[in-house]
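Asker: My structure is in input-v6.pdb, and what it holds is PDB, C-alpha atoms:
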ATOM      1  CA  MET A   6       0.000   0.000   0.000  1.00  0.00           C
ATOM      2  CA  ILE A   7       1.224   3.475  -0.890  1.00  0.00           C
ATOM      3  CA  ILE A   8       0.224   6.470   1.201  1.00  0.00           C
ATOM      4  CA  LEU A   9       1.157  10.022   0.201  1.00  0.00           C
ATOM      5  CA  VAL A  10       1.269  12.784   2.820  1.00  0.00           C
ATOM      6  CA  THR A  11       1.576  16.321   1.492  1.00  0.00           C
ATOM      7  CA  GLY A  12       1.337  19.847   2.823  1.00  0.00           C
ATOM      8  CA  GLY A  13       3.222  23.088   3.113  1.00  0.00           C
ATOM      9  CA  ALA A  14       6.421  23.739   5.049  1.00  0.00           C
ATOM     10  CA  ARG A  15       6.033  23.202   8.802  1.00  0.00           C
ATOM     11  CA  SER A  16       2.430  22.024   8.306  1.00  0.00           C
ATOM     12  CA  GLY A  17       2.837  18.961  10.531  1.00  0.00           C
ATOM     13  CA  LYS A  18       3.032  16.457   7.675  1.00  0.00           C
ATOM     14  CA  SER A  19       6.093  14.578   8.986  1.00  0.00           C
ATOM     15  CA  THR A  20       4.620  14.271  12.476  1.00  0.00           C
ATOM     16  CA  PHE A  21       1.349  13.026  10.996  1.00  0.00           C
ATOM     17  CA  ALA A  22       3.196  10.541   8.737  1.00  0.00           C
ATOM     18  CA  GLU A  23       5.164   9.192  11.704  1.00  0.00           C
ATOM     19  CA  LYS A  24       2.001   8.729  13.782  1.00  0.00           C
ATOM     20  CA  LEU A  25       0.244   7.092  10.840  1.00  0.00           C
ATOM     21  CA  CYS A  26       3.181   4.737  10.364  1.00  0.00           C
ATOM     22  CA  MET A  27       3.185   3.836  14.068  1.00  0.00           C
ATOM     23  CA  SER A  28      -0.549   3.116  13.949  1.00  0.00           C
ATOM     24  CA  ARG A  29      -0.145   0.664  11.071  1.00  0.00           C
ATOM     25  CA  SER A  30       3.096  -1.129  11.833  1.00  0.00           C
ATOM     26  CA  SER A  31       5.116  -2.216  14.880  1.00  0.00           C
ATOM     27  CA  GLU A  32       8.403  -1.026  13.358  1.00  0.00           C
ATOM     28  CA  ALA A  33       9.573   0.701  10.195  1.00  0.00           C
ATOM     29  CA  ILE A  34      12.476   1.965   8.188  1.00  0.00           C
ATOM     30  CA  TYR A  35      12.721   5.741   8.247  1.00  0.00           C
ATOM     31  CA  MET A  36      14.322   6.653   4.940  1.00  0.00           C
ATOM     32  CA  ALA A  37      15.612  10.211   5.295  1.00  0.00           C
ATOM     33  CA  THR A  38      16.638  12.165   2.203  1.00  0.00           C
ATOM     34  CA  ALA A  39      17.932  15.362   3.819  1.00  0.00           C
ATOM     35  CA  GLN A  40      21.538  16.441   3.415  1.00  0.00           C
ATOM     36  CA  ALA A  41      23.345  18.756   5.790  1.00  0.00           C
ATOM     37  CA  TYR A  42      24.738  21.631   3.767  1.00  0.00           C
ATOM     38  CA  ASP A  43      24.998  23.989   6.750  1.00  0.00           C
ATOM     39  CA  GLN A  44      24.984  23.954  10.554  1.00  0.00           C
ATOM     40  CA  GLU A  45      21.259  24.633  10.871  1.00  0.00           C
ATOM     41  CA  MET A  46      20.456  21.569   8.733  1.00  0.00           C
ATOM     42  CA  THR A  47      23.036  19.487  10.608  1.00  0.00           C
ATOM     43  CA  ASP A  48      21.319  20.404  13.876  1.00  0.00           C
ATOM     44  CA  ARG A  49      17.862  19.715  12.437  1.00  0.00           C
ATOM     45  CA  ILE A  50      18.876  16.249  11.187  1.00  0.00           C
ATOM     46  CA  ALA A  51      20.472  15.410  14.543  1.00  0.00           C
ATOM     47  CA  ALA A  52      17.333  16.492  16.414  1.00  0.00           C
ATOM     48  CA  HIS A  53      15.093  14.354  14.197  1.00  0.00           C
ATOM     49  CA  ARG A  54      17.423  11.358  14.537  1.00  0.00           C
ATOM     50  CA  SER A  55      17.545  11.755  18.330  1.00  0.00           C
ATOM     51  CA  GLN A  56      13.757  12.054  18.538  1.00  0.00           C
ATOM     52  CA  ARG A  57      13.327   8.754  16.666  1.00  0.00           C
ATOM     53  CA  GLU A  58      15.965   6.983  18.760  1.00  0.00           C
ATOM     54  CA  ASP A  59      14.493   8.157  22.072  1.00  0.00           C
ATOM     55  CA  GLY A  60      10.938   7.041  21.345  1.00  0.00           C
ATOM     56  CA  ALA A  61       9.307   3.710  22.121  1.00  0.00           C
ATOM     57  CA  TYR A  62       8.670   2.924  18.445  1.00  0.00           C
ATOM     58  CA  LEU A  63      11.345   0.905  16.634  1.00  0.00           C
ATOM     59  CA  TRP A  64      12.689   3.023  13.764  1.00  0.00           C
ATOM     60  CA  HIS A  65      15.544   1.772  11.571  1.00  0.00           C
ATOM     61  CA  THR A  66      17.003   4.832   9.890  1.00  0.00           C
ATOM     62  CA  ILE A  67      18.483   4.815   6.399  1.00  0.00           C
ATOM     63  CA  GLU A  68      19.898   8.133   5.254  1.00  0.00           C
ATOM     64  CA  GLU A  69      19.704   8.118   1.480  1.00  0.00           C
ATOM     65  CA  PRO A  70      19.721  11.465  -0.309  1.00  0.00           C
ATOM     66  CA  LEU A  71      19.845  10.211  -3.924  1.00  0.00           C
ATOM     67  CA  GLU A  72      19.622   6.453  -4.512  1.00  0.00           C
ATOM     68  CA  VAL A  73      16.143   5.973  -3.044  1.00  0.00           C
ATOM     69  CA  ALA A  74      14.839   3.781  -5.881  1.00  0.00           C
ATOM     70  CA  GLU A  75      17.863   1.515  -5.684  1.00  0.00           C
ATOM     71  CA  THR A  76      17.536   1.277  -1.899  1.00  0.00           C
ATOM     72  CA  LEU A  77      13.848   0.311  -2.186  1.00  0.00           C
ATOM     73  CA  ASP A  78      14.683  -2.293  -4.818  1.00  0.00           C
ATOM     74  CA  GLY A  79      17.398  -3.715  -2.559  1.00  0.00           C
ATOM     75  CA  LEU A  80      15.033  -3.926   0.408  1.00  0.00           C
ATOM     76  CA  MET A  81      12.522  -5.859  -1.704  1.00  0.00           C
ATOM     77  CA  GLU A  82      15.179  -8.376  -2.696  1.00  0.00           C
ATOM     78  CA  ALA A  83      16.935  -8.738   0.651  1.00  0.00           C
ATOM     79  CA  THR A  84      14.216  -8.676   3.277  1.00  0.00           C
ATOM     80  CA  LEU A  85      11.244 -10.962   3.861  1.00  0.00           C
ATOM     81  CA  PRO A  86       8.791  -9.888   4.947  1.00  0.00           C
ATOM     82  CA  VAL A  87       9.393  -6.485   3.425  1.00  0.00           C
ATOM     83  CA  PRO A  88       9.557  -3.708   6.004  1.00  0.00           C
ATOM     84  CA  THR A  89       7.206  -0.775   6.342  1.00  0.00           C
ATOM     85  CA  ILE A  90       8.917   2.343   5.031  1.00  0.00           C
ATOM     86  CA  LEU A  91       8.430   6.014   5.823  1.00  0.00           C
ATOM     87  CA  LEU A  92      10.187   8.074   3.151  1.00  0.00           C
ATOM     88  CA  ASP A  93      10.723  11.685   4.241  1.00  0.00           C
ATOM     89  CA  CYS A  94      10.797  13.461   1.912  1.00  0.00           C
ATOM     90  CA  LEU A  95      10.244  13.343  -1.831  1.00  0.00           C
ATOM     91  CA  THR A  96      10.845  17.046  -2.419  1.00  0.00           C
ATOM     92  CA  LEU A  97      14.170  17.004  -0.553  1.00  0.00           C
ATOM     93  CA  TRP A  98      15.122  14.007  -2.691  1.00  0.00           C
ATOM     94  CA  LEU A  99      14.139  16.006  -5.780  1.00  0.00           C
ATOM     95  CA  SER A 100      16.338  18.914  -4.649  1.00  0.00           C
ATOM     96  CA  ASN A 101      19.252  16.513  -4.296  1.00  0.00           C
ATOM     97  CA  VAL A 102      18.603  15.080  -7.761  1.00  0.00           C
ATOM     98  CA  LEU A 103      18.375  18.543  -9.333  1.00  0.00           C
ATOM     99  CA  ILE A 104      21.683  19.561  -7.781  1.00  0.00           C
ATOM    100  CA  ALA A 105      23.364  16.315  -8.867  1.00  0.00           C
ATOM    101  CA  LYS A 106      21.859  16.039 -12.363  1.00  0.00           C
ATOM    102  CA  GLU A 107      21.001  19.592 -13.502  1.00  0.00           C
ATOM    103  CA  HIS A 108      24.010  19.678 -15.838  1.00  0.00           C
ATOM    104  CA  GLU A 109      22.755  16.472 -17.541  1.00  0.00           C
ATOM    105  CA  GLY A 110      19.523  18.110 -18.671  1.00  0.00           C
ATOM    106  CA  PRO A 111      15.808  17.505 -18.183  1.00  0.00           C
ATOM    107  CA  ASP A 112      15.844  13.910 -19.456  1.00  0.00           C
ATOM    108  CA  ALA A 113      18.120  12.893 -16.580  1.00  0.00           C
ATOM    109  CA  ILE A 114      15.719  14.388 -14.027  1.00  0.00           C
ATOM    110  CA  THR A 115      12.722  12.735 -15.671  1.00  0.00           C
ATOM    111  CA  GLU A 116      14.535   9.380 -15.704  1.00  0.00           C
ATOM    112  CA  GLU A 117      15.199   9.649 -11.963  1.00  0.00           C
ATOM    113  CA  ILE A 118      11.535  10.459 -11.288  1.00  0.00           C
ATOM    114  CA  ASP A 119      10.448   7.544 -13.502  1.00  0.00           C
ATOM    115  CA  ARG A 120      12.810   5.183 -11.683  1.00  0.00           C
ATOM    116  CA  LEU A 121      11.513   6.235  -8.278  1.00  0.00           C
ATOM    117  CA  VAL A 122       7.854   5.974  -9.314  1.00  0.00           C
ATOM    118  CA  ARG A 123       8.475   2.435 -10.657  1.00  0.00           C
ATOM    119  CA  SER A 124      10.226   1.356  -7.455  1.00  0.00           C
ATOM    120  CA  VAL A 125       7.532   2.792  -5.195  1.00  0.00           C
ATOM    121  CA  ALA A 126       4.770   1.217  -7.316  1.00  0.00           C
ATOM    122  CA  ALA A 127       6.501  -2.168  -7.171  1.00  0.00           C
ATOM    123  CA  TYR A 128       7.118  -2.106  -3.421  1.00  0.00           C
ATOM    124  CA  PRO A 129       4.947  -4.889  -1.946  1.00  0.00           C
ATOM    125  CA  GLY A 130       4.733  -3.501   1.593  1.00  0.00           C
ATOM    126  CA  LEU A 131       3.404  -0.357   3.221  1.00  0.00           C
ATOM    127  CA  ILE A 132       5.260   2.755   2.127  1.00  0.00           C
ATOM    128  CA  ILE A 133       4.376   6.217   3.392  1.00  0.00           C
ATOM    129  CA  LEU A 134       5.721   9.103   1.322  1.00  0.00           C
ATOM    130  CA  VAL A 135       6.081  12.639   2.650  1.00  0.00           C
ATOM    131  CA  THR A 136       6.247  15.521   0.184  1.00  0.00           C
ATOM    132  CA  ASN A 137       5.894  19.284   0.131  1.00  0.00           C
ATOM    133  CA  GLU A 138       3.146  21.031  -1.764  1.00  0.00           C
ATOM    134  CA  VAL A 139       5.155  23.797  -3.425  1.00  0.00           C
ATOM    135  CA  GLY A 140       2.710  24.949  -6.093  1.00  0.00           C
ATOM    136  CA  ASP A 141       0.482  27.094  -3.878  1.00  0.00           C
ATOM    137  CA  GLY A 142       2.915  29.979  -3.522  1.00  0.00           C
ATOM    138  CA  ILE A 143       4.146  32.695  -5.829  1.00  0.00           C
ATOM    139  CA  VAL A 144       6.005  31.906  -9.035  1.00  0.00           C
ATOM    140  CA  PRO A 145       9.725  31.798  -8.185  1.00  0.00           C
ATOM    141  CA  GLU A 146      11.680  34.644  -9.737  1.00  0.00           C
ATOM    142  CA  TYR A 147      14.711  32.518 -10.568  1.00  0.00           C
ATOM    143  CA  ARG A 148      14.926  29.774 -13.206  1.00  0.00           C
ATOM    144  CA  LEU A 149      16.024  26.880 -10.975  1.00  0.00           C
ATOM    145  CA  GLY A 150      13.189  27.655  -8.564  1.00  0.00           C
ATOM    146  CA  ARG A 151      10.643  27.427 -11.379  1.00  0.00           C
ATOM    147  CA  ILE A 152      12.203  24.182 -12.638  1.00  0.00           C
ATOM    148  CA  TYR A 153      12.087  22.742  -9.119  1.00  0.00           C
ATOM    149  CA  ARG A 154       8.445  23.781  -8.641  1.00  0.00           C
ATOM    150  CA  ASP A 155       7.468  22.210 -11.958  1.00  0.00           C
ATOM    151  CA  TYR A 156       9.252  18.906 -11.282  1.00  0.00           C
ATOM    152  CA  ALA A 157       7.839  18.791  -7.743  1.00  0.00           C
ATOM    153  CA  GLY A 158       4.348  19.149  -9.187  1.00  0.00           C
ATOM    154  CA  ILE A 159       5.014  16.370 -11.695  1.00  0.00           C
ATOM    155  CA  LEU A 160       6.507  14.096  -9.017  1.00  0.00           C
ATOM    156  CA  ASN A 161       3.612  14.716  -6.620  1.00  0.00           C
ATOM    157  CA  GLN A 162       1.007  14.046  -9.317  1.00  0.00           C
ATOM    158  CA  ARG A 163       2.712  10.814 -10.362  1.00  0.00           C
ATOM    159  CA  MET A 164       2.965   9.588  -6.773  1.00  0.00           C
ATOM    160  CA  ALA A 165      -0.644  10.580  -6.074  1.00  0.00           C
ATOM    161  CA  ALA A 166      -1.777   8.559  -9.097  1.00  0.00           C
ATOM    162  CA  ILE A 167      -0.281   5.339  -7.651  1.00  0.00           C
ATOM    163  CA  SER A 168      -1.214   6.003  -4.003  1.00  0.00           C
ATOM    164  CA  GLN A 169      -4.171   4.335  -2.343  1.00  0.00           C
ATOM    165  CA  GLU A 170      -4.460   7.053   0.304  1.00  0.00           C
ATOM    166  CA  ILE A 171      -3.465  10.731   0.140  1.00  0.00           C
ATOM    167  CA  PHE A 172      -3.462  13.105   3.076  1.00  0.00           C
ATOM    168  CA  LEU A 173      -3.189  16.882   2.935  1.00  0.00           C
ATOM    169  CA  VAL A 174      -1.892  18.330   6.208  1.00  0.00           C
ATOM    170  CA  THR A 175      -2.510  21.974   7.070  1.00  0.00           C
ATOM    171  CA  ALA A 176      -1.878  23.492  10.531  1.00  0.00           C
ATOM    172  CA  GLY A 177      -1.375  19.970  11.886  1.00  0.00           C
ATOM    173  CA  ILE A 178      -4.759  18.742  10.652  1.00  0.00           C
ATOM    174  CA  ALA A 179      -4.844  15.929   8.098  1.00  0.00           C
ATOM    175  CA  ILE A 180      -7.586  15.485   5.517  1.00  0.00           C
ATOM    176  CA  GLU A 181      -7.760  12.312   3.415  1.00  0.00           C
ATOM    177  CA  LEU A 182      -8.109  13.318  -0.242  1.00  0.00           C
ATOM    178  CA  LYS A 183      -8.188  10.182  -2.391  1.00  0.00           C
ATOM    179  CA  SER A 184     -11.597   9.036  -1.147  1.00  0.00           C
ATOM    180  CA  LYS A 185     -12.964  12.512  -1.927  1.00  0.00           C
ATOM    181  CA  GLU A 186     -11.481  12.686  -5.421  1.00  0.00           C
ATOM    182  CA  TYR A 187     -13.855  14.031  -8.035  1.00  0.00           C
ATOM    183  CA  LYS A 188     -13.385  12.233 -11.336  1.00  0.00           C
ATOM    184  CA  VAL A 189     -14.387  13.881 -14.569  1.00  0.00           C
TER     185      VAL A 189
END
Is it possible to express this structure as C-alpha cells?
Answerer:
Amino acid sequence: MIILVTGGARSGKSTFAEKLCMSRSSEAIYMATAQAYDQEMTDRIAAHRSQREDGAYLWHTIEEPLEVAETLDGLMEATLPVPTILLDCLTLWLSNVLIAKEHEGPDAITEEIDRLVRSVAAYPGLIILVTNEVGDGIVPEYRLGRIYRDYAGILNQRMAAISQEIFLVTAGIAIELKSKEYKV
C-alpha cells in the first residue's frame, strides 16, 4: 500500500506521517533524504534522529539522499517480509537530484523520477511518502526555482496517481483526499 502525505512547510506532515506509520506497523524503516549543507540543517537532522531513537517505536534509519529507488529495490530483494517504510521526503530528494543532475539536462531528471515511481509502485509492503506542496505559492523569480516547482508538481502528481491514500496536512490537521477525489 502506498500512502502520500503532502502539505506546506512546517504544516505537521512529517509528524502526521510518523504517527500514521506507528498506527499501522510495529516497526519501520525511516528513509531520510535530507543532506546537511549547513549547521542549521546538521542540527535539524540530529534532532530528528535523536527524537526517533528516544521514542518507544522501533525506527531503523536509512539516510539516502539520492539512490532511493535503488535502496527500495534492494530492500525488496533482501528482506522478507518487506519492512514498512516512511520516506521523508520526496521534495528534498528532488532537490538533491536537481543539484546532482542539472548539468545532464531535463531527461536525466525525468529518468530519476520515472525510476523512483516504478520502485515505489513495485514495493509490496506499506510505504508512506512525505512531500511538500510547493505549487500554492508565488512563481519563483529565478529559473532553478521554477524548474524545481514544476518537477515537484510532476513528481507529486505521479505519486498521487499510484497512491491508495493521500493526506493533505494543514496546521497539523490531516484530511484524506483520495476518497474525496472528483473524477471527470
Asker: List, as a PyMOL selection string, every residue that the PyMOL selection byres ((chain A and resi 159-169) around 6) selects in the file provided.
Answerer: chain A and resi 7-8+156-158+170
Asker: Using all atoms listed in the file for the distances, tell me which of A:Ala83, A:Leu25, A:Asp141, A:Leu131 is nearest to A:Ala179.
Answerer: A:Leu25
Asker: What is the atom CA of A:Glu116 to atom CA of A:Ala22 distance in Å?
Answerer: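 According to the coordinates, atom CA of A:Glu116 and atom CA of A:Ala22 are separated by 27.0 Å.
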Asker: Exactly which residues make up the result of the PyMOL selection byres ((chain A and resi 135) around 12) on this file, given as a PyMOL selection string?
Answerer: chain A and resi 7-14+16-23+25-26+35-38+90-98+132-134+136-138+160-161+164-165+168+171-174
Asker: Please enumerate the residues selected by the PyMOL selection byres ((chain A and resi 122) around 9) when evaluated against the supplied file, formatted as a ChimeraX atom specification.
Answerer: /A:74,117-121,123-127,160,163-164,167
Asker: In Å, with one decimal, what is the gap from atom CA of A:Ala52 to atom CA of A:Ile34?
Answerer: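 About the pair atom CA of A:Ala52 and atom CA of A:Ile34: they are 17.4 Å apart.
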Asker: Record the distance separating atom CA of A:Lys24 and atom CA of A:Gln44, expressed in Å with one decimal.
Answerer: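 Separation of atom CA of A:Lys24 and atom CA of A:Gln44: 27.8 Å.
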Asker: Excluding A:Arg15 and any residue of its chain fewer than 4 positions from it, enumerate the residues within 9 Å of it, using all atoms listed in the file, and give them as number ranges by chain.
Answerer: A: 19, 175-177
Asker: Given the choices A:Glu45, A:Met27, A:Pro129, A:Val102, which gets closest to A:Leu71 if the distance is worked out from all atoms listed in the file?
Answerer: A:Val102
Asker: Return the single residue from A:Thr66, A:Thr76, A:Ser184, A:Ser100 that is closest to A:Glu32, with distances computed using all atoms listed in the file.
Answerer: A:Thr66
Asker: Could you tell me which of A:Ile104, A:Leu182, A:Val87, A:Ala113 comes closest to A:Gln40 if we count all atoms listed in the file?
Answerer: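 Among the listed residues, A:Ile104 lies closest to A:Gln40.
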Asker: May I ask which of the residues A:Asp112, A:Thr89, A:Ala33, A:Glu68 is the closest one to A:Ile50, counting all atoms listed in the file?
Answerer: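 Smallest distance to A:Ile50 is found for A:Glu68.
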Asker: Considering all atoms listed in the file, state which residue in the set A:Asp48, A:Asp78, A:Asp155, A:Glu146 is at the smallest distance from A:Leu99.
Answerer: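 Looking at the shortest contact to A:Leu99, the residue is A:Asp155.
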Asker: From the structure block, carefully write stretch 84-119 of chain A out with C-alpha atoms; format it as a JSON list (two decimals), in the first residue's frame.
Answerer:
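What follows is the written file out-v1.json:
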[["chain", "number", "residue", "atom", "x", "y", "z"],
["A", 84, "THR", "CA", 14.22, -8.68, 3.28],
["A", 85, "LEU", "CA", 11.24, -10.96, 3.86],
["A", 86, "PRO", "CA", 8.79, -9.89, 4.95],
["A", 87, "VAL", "CA", 9.39, -6.48, 3.43],
["A", 88, "PRO", "CA", 9.56, -3.71, 6.00],
["A", 89, "THR", "CA", 7.21, -0.77, 6.34],
["A", 90, "ILE", "CA", 8.92, 2.34, 5.03],
["A", 91, "LEU", "CA", 8.43, 6.01, 5.82],
["A", 92, "LEU", "CA", 10.19, 8.07, 3.15],
["A", 93, "ASP", "CA", 10.72, 11.69, 4.24],
["A", 94, "CYS", "CA", 10.80, 13.46, 1.91],
["A", 95, "LEU", "CA", 10.24, 13.34, -1.83],
["A", 96, "THR", "CA", 10.85, 17.05, -2.42],
["A", 97, "LEU", "CA", 14.17, 17.00, -0.55],
["A", 98, "TRP", "CA", 15.12, 14.01, -2.69],
["A", 99, "LEU", "CA", 14.14, 16.01, -5.78],
["A", 100, "SER", "CA", 16.34, 18.91, -4.65],
["A", 101, "ASN", "CA", 19.25, 16.51, -4.30],
["A", 102, "VAL", "CA", 18.60, 15.08, -7.76],
["A", 103, "LEU", "CA", 18.37, 18.54, -9.33],
["A", 104, "ILE", "CA", 21.68, 19.56, -7.78],
["A", 105, "ALA", "CA", 23.36, 16.32, -8.87],
["A", 106, "LYS", "CA", 21.86, 16.04, -12.36],
["A", 107, "GLU", "CA", 21.00, 19.59, -13.50],
["A", 108, "HIS", "CA", 24.01, 19.68, -15.84],
["A", 109, "GLU", "CA", 22.76, 16.47, -17.54],
["A", 110, "GLY", "CA", 19.52, 18.11, -18.67],
["A", 111, "PRO", "CA", 15.81, 17.51, -18.18],
["A", 112, "ASP", "CA", 15.84, 13.91, -19.46],
["A", 113, "ALA", "CA", 18.12, 12.89, -16.58],
["A", 114, "ILE", "CA", 15.72, 14.39, -14.03],
["A", 115, "THR", "CA", 12.72, 12.73, -15.67],
["A", 116, "GLU", "CA", 14.53, 9.38, -15.70],
["A", 117, "GLU", "CA", 15.20, 9.65, -11.96],
["A", 118, "ILE", "CA", 11.54, 10.46, -11.29],
["A", 119, "ASP", "CA", 10.45, 7.54, -13.50]]
